[in-house]
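First up is the structure itself, then whatever we jot down about it.
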2 protein chains.
Amino acid sequence: MNQDVFIESKPLREKIADIIRTDIIKGVYRNGERLVEPKLAKNLGISRTPIREALRQLEGEGFIEIVPRRGAVVKELTIKDIDDLYAIKANLEGLAARQATLNLTGEQIEILIGINKKFRDYAEKNPGIPDEHHKDNIDFHNVFIAASGNEKLVDILDGMSKNFQRLKSMLMSDAGRAANAVKEHKKIIDAFISKDPDLAEKTVREHIISGWEYLKQRINSNA
Amino acid sequence: MNQDVFIESKPLREKIADIIRTDIIKGVYRNGERLVEPKLAKNLGISRTPIREALRQLEGEGFIEIVPRRGAVVKELTIKDIDDLYAIKANLEGLAARQATLNLTGEQIEILIGINKKFRDYAEKNPGIPDEHHKDNIDFHNVFIAASGNEKLVDILDGMSKNFQRLKSMLMSDAGRAANAVKEHKKIIDAFISKDPDLAEKTVREHIISGWEYLKQRINSNA
DNA sequence: ACACAGTATACAGTATACAATAAACCGAAT
DNA sequence: ATTCGGTTTATTGTATACTGTATACTGTGT
């Protein structure tokens with residue numbers, strides 16, 4: 001249980017937050033499970049203080065809930081929650097695309113095209129192994145999110161992405177979805193090329209919603 | 001300096017966070033000013049631990065910046081920052097309006113109409129005193145934000161509103177703007193009545209952007 | 001057998017003490 | 001006079017100790 005706590009030089013509380021967050025994402029702790037400070041402190045071999053600060057941070061990120069005098073519990077992530085989060089994500093990434101449209105250089109658009117090509121090739125050859133195109137997908141989105149020039153937006157979306165990682169176990173996007181994603185990415189690129197902010201926003205928004213609809217359908221059929 | 005610390009039964013750290021946040025909003029601390037833990041602890045008559053936790057929370061809310069081994073400083077809020085924040089706010093409230101459109105009951109729409117009427121009457125009579133219509137304005141927005149049914153969205157917008165309070169000193173919206181706001185609110189209500197999500201989103205978004213444009217112009221002309 | 005009260009215990013909330021580090025200051029050497 | 005290096009000091013990071021409260025448990029009375 002005693003994981004490598006002393007990794008780098010960033011504050012202990014950050015490392016602890018990372019460890020606990022990862023454990024929540026990996027499902028080490030179940031929904032509603034109590035995170036008891038002395039217990040965590042003992043397991044990680046440190047004192048309670050950094051634990052407490054890490055827990056506050058995780059509360060802010062929405063992973064746990066802290067009840068006064070009762071302590072921290074892992075927050076459940078319901079389908080409704082994810083629905084709500086995806087609606088926000090779709091809108092905000094749409095905004096990012098809108099703001100990025102006028103900023104994107106030809107070079108950056110070339111990068112987008114390149115990523116999407118790689119994405120397509122990989123998905124065709126390795127339909128079963130999603131990890132690699134998953135990363136490409138994230139890269140693709142990050143390009144125009146960064147190009148929006150809106151730092152607050154980048155921060156918010158970055159924070160949200162941690163939450164979506166909690167779904168990663170279910171996120172086994174198969175080739176069918178990947179093929180769609182490639183098509184939708186192409187539409188997005190076209191919107192960027194034609195410098196049409198409205199269209200860029202619309203296509204990105206629809207792309208994200210469509211990804212979630214697909215995923216939700218799979219979750220429901222598995223349940 | 002020693003304000004009323006012992007107000008209610010919520011954890012000290014919350015009360016401390018409230019106090020410091022209010023002070024930042026009120027401008028007691030200047031941009032870039034260091035918030036030294038022992039000093040705060042002494043002034044508030046408590047130990048450092050709750051102070052530290054309050055500071056972490058305020059960092060998450062974007063009011064301060066904590067540099068490792070250097071401590072906390074009040075984060076500057078530049079025009080660019082506010083620009084970015086307003087773009088996000090406009091987008092998210094637009095989303096709220098969209099989602100609210102199908103949920104809003106006739107009764108709730110009546111409430112919106114009522115608030116806007118009160119807003120109009122008050123603005124006509126008391127053009128100089130903005131506090132009251134400011135509150136009405138917030139109420140108006142909160143109605144459809146809550147009606148969106150998207151709790152995460154409510155949380156995010158609530159958190160952002162604290163940041164916008166930092167602008168409140170400049171937010172002396174005069175009658176000219178209030179008259180415009182009334183008109184725009186009416187458009188929003190009409191969109192709700194006609195159950196048109198796209199239009200609701202669009203009108204709300206434009207309403208917020210327009211408010212910010214007006215405010216920004218005033219800030220620039222004052223500077 | 002059940003309900004209630006009293007007690008014990010486990011835990012979060014808070015305070016304080018100690019260690020580590022970075023910035024400021026001072027002095028010496030060039 | 002200026003720069004480099006060492007020393008001091010201010011301040012954060014971490015650990016531990018103490019306090020108050022909520023919950024669980026146990027026993028007693030009905």
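We label chains A, B, ... in the order they appear in the structure tokens, count residues from 1 in each chain, and number ligands from 1 in the order shown.
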Residues of chain A were defined as contacting chain C if any atom lay at most 7 Å from it, counting only C-alpha atoms (C1' of nucleotides); please report them as a PyMOL selection string. chain A and resi 69-71
Can you write just those residues out, all heavy atoms, as a PDB file, in the first residue's frame?
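Generated file (result-v4.pdb):
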```
ATOM      1  N   ARG A  69     -17.296  17.520  10.442  1.00  0.00           N
ATOM      2  CA  ARG A  69     -17.272  16.581  11.581  1.00  0.00           C
ATOM      3  C   ARG A  69     -17.532  15.133  11.167  1.00  0.00           C
ATOM      4  O   ARG A  69     -17.660  14.270  12.017  1.00  0.00           O
ATOM      5  CB  ARG A  69     -18.304  16.986  12.652  1.00  0.00           C
ATOM      6  CG  ARG A  69     -17.974  18.258  13.349  1.00  0.00           C
ATOM      7  CD  ARG A  69     -17.283  17.974  14.669  1.00  0.00           C
ATOM      8  NE  ARG A  69     -16.576  19.158  15.134  1.00  0.00           N
ATOM      9  CZ  ARG A  69     -15.357  19.127  15.623  1.00  0.00           C
ATOM     10  NH1 ARG A  69     -14.717  17.994  15.707  1.00  0.00           N
ATOM     11  NH2 ARG A  69     -14.765  20.216  16.033  1.00  0.00           N
ATOM     12  N   ARG A  70     -17.643  14.891   9.873  1.00  0.00           N
ATOM     13  CA  ARG A  70     -17.882  13.518   9.446  1.00  0.00           C
ATOM     14  C   ARG A  70     -16.749  13.024   8.549  1.00  0.00           C
ATOM     15  O   ARG A  70     -16.503  11.835   8.456  1.00  0.00           O
ATOM     16  CB  ARG A  70     -19.212  13.409   8.667  1.00  0.00           C
ATOM     17  CG  ARG A  70     -20.472  13.602   9.499  1.00  0.00           C
ATOM     18  CD  ARG A  70     -20.669  12.446  10.465  1.00  0.00           C
ATOM     19  NE  ARG A  70     -20.339  11.163   9.859  1.00  0.00           N
ATOM     20  CZ  ARG A  70     -21.212  10.398   9.221  1.00  0.00           C
ATOM     21  NH1 ARG A  70     -22.460  10.784   9.110  1.00  0.00           N
ATOM     22  NH2 ARG A  70     -20.843   9.240   8.714  1.00  0.00           N
ATOM     23  N   GLY A  71     -16.109  13.950   7.885  1.00  0.00           N
ATOM     24  CA  GLY A  71     -14.992  13.565   7.034  1.00  0.00           C
ATOM     25  C   GLY A  71     -15.334  13.478   5.567  1.00  0.00           C
ATOM     26  O   GLY A  71     -16.379  13.941   5.129  1.00  0.00           O
TER      27      GLY A  71
END
```
Neighbouring residues of region 189-192 of chain A were defined as those with any atom within 8 Å, considering only C-alpha atoms (C1' of nucleotides); residues of the same chain fewer than 4 positions away were excluded. Please report them as a VMD selection string. chain A and resid 101 104 109 112 to 113 185 196 to 197 199 to 200 203
Residue neighbourhood region 204-220 of chain B, 9 Å, only C-alpha atoms (C1' of nucleotides), exclusion window fewer than 3 positions, as an MDAnalysis selection string: chainID B and resid 79 82:83 86:87 89:95 97 170:173 177 180:181 184:185 187:188 199:201 223
Can you list every residue of chain B that has an atom at most 12 Å from chain D, with its nearest atom pair and the distance in Å to one decimal, using only C-alpha atoms (C1' of nucleotides), ordered by chain then number, as a Markdown table?
```
| residue | atom | partner | partner_atom | distance |
| --- | --- | --- | --- | --- |
| B:Arg34 | CA | D:DT11 | C1' | 11.2 |
| B:Leu35 | CA | D:DT11 | C1' | 10.8 |
| B:Val36 | CA | D:DT11 | C1' | 7.7 |
| B:Glu37 | CA | D:DT11 | C1' | 8.2 |
| B:Pro38 | CA | D:DT11 | C1' | 8.3 |
| B:Lys39 | CA | D:DT11 | C1' | 10.3 |
| B:Arg48 | CA | D:DT12 | C1' | 10.9 |
| B:Thr49 | CA | D:DT14 | C1' | 11.6 |
| B:Arg52 | CA | D:DT12 | C1' | 10.1 |
| B:Ile66 | CA | D:DT12 | C1' | 10.6 |
| B:Val67 | CA | D:DT12 | C1' | 9.9 |
| B:Pro68 | CA | D:DT12 | C1' | 7.9 |
| B:Arg69 | CA | D:DT12 | C1' | 5.2 |
| B:Arg70 | CA | D:DT12 | C1' | 6.8 |
| B:Gly71 | CA | D:DT12 | C1' | 6.6 |
| B:Ala72 | CA | D:DT12 | C1' | 9.9 |
```
Between chain B and chain A, at 7 Å or less, what are the per-residue closest atom pairs and their distances in Å? Count only C-alpha atoms, order by chain and rising residue number, and return it as JSON lines.
```
{"residue": "B:Glu53", "atom": "CA", "partner": "A:Glu53", "partner_atom": "CA", "distance": 6.5}
{"residue": "B:Gly60", "atom": "CA", "partner": "A:Gly60", "partner_atom": "CA", "distance": 6.8}
{"residue": "B:Asp84", "atom": "CA", "partner": "A:Asn150", "partner_atom": "CA", "distance": 5.6}
{"residue": "B:Leu85", "atom": "CA", "partner": "A:Lys152", "partner_atom": "CA", "distance": 6.8}
{"residue": "B:Asn91", "atom": "CA", "partner": "A:Asn91", "partner_atom": "CA", "distance": 6.9}
{"residue": "B:Asn150", "atom": "CA", "partner": "A:Asp84", "partner_atom": "CA", "distance": 5.6}
{"residue": "B:Lys152", "atom": "CA", "partner": "A:Asp84", "partner_atom": "CA", "distance": 6.5}
```
